[in-house]
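To keep things clear, I will list the structure first and then write my remarks on it.
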Amino acid sequence: MKQLLVLVLQFSSTLAVLKFASYYADHMVLQRGPQRAIVWGYAATIGDEVTVTVSGQEEVKVKVVKDPNGNEGIWKAKLPAVTDPGPFTLTASSSEGDLTLTDVLFGDVWVCSGQSNMEMPMSQVINSSAEIAESLKFKTIRIIEVSMVESPTPLEDLQSLAFQWTDPNEADVSRFSALCMLFGEYIQPNRNYPLGLIDSTYGGTPIEAWSSPDAIAECPTPNNTYLSEEEYLNSDIMYDGNDGPVMPRSPLDKYVLWNAMINPLLDMTISGALWYQGESNVWYPDLYACQFPAMINDWRKKFHDSSEKETDIQFPFGFVQLAPNAKSSEVGDFPAIRWSQTAKFGFAPNEKMSNTFMAVAMDLPDYDSPFGSIHPRYKQDIASRLVLGARAVAYGEEGVKFQGPFPQTFRLNNVNNILNVNYGDDIPIKVLNNNGFEVCCSGTSTTECADSDEWVAAPITDQDTNSVSVSVAGCESKSPVGLRYEWRTSPCDLRDCAIYGSDTDLPAPPYITKRGF
């Protein structure tokens, strides 16, 4: 999806001159207070003093030290906390020269990452022309796009950019992550200060590519977990891409995007991250349930440490639970990976994924998408749902409901073959149709659903404001021992799954329990 023409930024040690790192430029957004923004760059003279100043703020003096990963010198300054949005002029000066950045704003910086559904540009969403025109009105949202680059070793700085920091313009907005941009547009009126959005995405990539060695080490893989490279290349694992079927990158390609597209950003103080990925890991859902929380925790620690503890150690992390793919009544691969995206809790945040928020997208199919059914164009709905989570979790806004209804208790009536599913009093429900539930029927157990047991439809027979009753008559003489909801890759038509919050229109997420009632 991304244009491969890039602005190459070379930082050779042969250039004995003071320089900013690649992603410091005119029109950028630095993280606002109370956090303190980090600014860094290169110089040739070890021990030289660099003076960094934001107009109207106290200057900061730092020394040039030898880069442990190269031959040149590096300098790193922690600016004063700035809450005034600006614009400001940022200067750096030393015996090697003077640097000036203009039109620098202070606001919240969000990193948007993942594979093709986060990469999907604004030019490809529903009503794209109108959306692009609307984006141009948000002059204090600034955007930057990292080029798709891989590296076998960690890079200190970005090798190249698709485009440098800019305010919204038609050419760059058209190719920028739609979900990232729409999130910014929808959250900014609530925040009323600048936003900096960083698009660091790469289609068809597994979570292993975005994870550091430390994160990968948290989730040991048993022998034969993955296909071999040869088996992978000879398999029929495909997904719909812009130009026809595409084979995703192998999970054996570990670290390569972490090294090239995330590690270079660590020194920058950020507010939070947004993530849309998982399609390339559907074949290993149990492993993903460990990998995803491990990656989140590792990103948090490394951003925190590299920014001299200015990026919060628990910075908010929003993500999208996978949308549908091709229209089919088959269960498919997506239900299990959706469950694993929540570390098998079914909701976020949870005890393994603190300070996270999730946008459910299983009710947003786009079977006729010209970019493949795996790339739904309804990014506006997803952005709106993410913004609710950000308001509640990232910004601590009280009273914001950001989660759909989730089952709290069950009551089985064997006499009437009815299972009551109660959603609690906090989120009243509305029922759009009677489909979506299935019950597990066991002839050998009354307490647990085995993999060999049969799942049968359990239609909704009754409802009120906080519960539904479903029929378990399909089990006949067998015992109902499990329940699942919308457990299909493509479970319903557009915005037409069974259960929604009556006052939020947020869909109930997919659900499964195999432990009896």
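Every chain in the structure tokens has a letter given in the order shown (A, B, ...), and although residue numbers restart at 1 in each chain, ligands are simply numbered from 1 in the order shown.
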Backbone DSSP call of strand (DSSP E or B) for stretch 266-474 of chain A, listed as a ChimeraX atom specification: /A:272-276,317-320,350,353,356-359,409-413,418-422,429-431,437-442,454-457,460-463,467-471
Shell around stretch 108-117 of chain A at 9 Å using only C-alpha atoms, local window under 6 positions removed, as a PyMOL selection string: chain A and resi 1+29-32+177-180+184+193-207+210+241+262+269-280+374-376+379
Residue list (helix (DSSP H, G or I), DSSP) for stretch 145-304 of chain A, as number ranges by chain: A: 170-175, 178-191, 207-210, 213-217, 229-233, 256-265, 279-281, 285-304
Using only C-alpha atoms: which of A:Phe20, A:Phe357, A:Trp455, A:Phe347 has the shortest distance to A:Arg391: A:Phe357
For stretch 287-301 of chain A: contacts at 9 Å, only C-alpha atoms, fewer than 4 positions along chain excluded, given as JSON, numbers by chain: {"A": [207, 208, 210, 211, 212, 214, 215, 216, 218, 219, 220, 221, 225, 262, 266, 278, 281, 282, 305, 306, 311, 312, 313, 314, 315, 317, 337, 339, 340, 341, 342, 343, 344, 352, 353]}
Nearby residues (only C-alpha atoms) at most 10 Å from A:Ala336, same-chain spacing under 6 positions excluded, as an MDAnalysis selection string: chainID A and resid 282:286 288:289 344 487:489 510:512
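Separating atom CA of A:Gly443 from atom CA of A:Asn413 is a distance of 17.9 Å.
When only C-alpha atoms are used to measure the gap to A:Thr140, the shortest distance among A:Glu96, A:Glu185, A:Asp333, A:Asp67 belongs to A:Glu185.
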Residue neighbourhood A:Gly516, 8 Å, only C-alpha atoms, exclusion window fewer than 3 positions, as a VMD selection string: chain A and resid 446 to 449 480 to 482 513
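One distance worth recording is that between atom CA of A:Thr166 and atom CA of A:Asp26, which is 7.8 Å.
The smallest atom-to-atom distance between A:Ala498 and any of A:Asp368, A:Asp363, A:Glu131, A:Asp451, using only C-alpha atoms, is found for A:Asp363.
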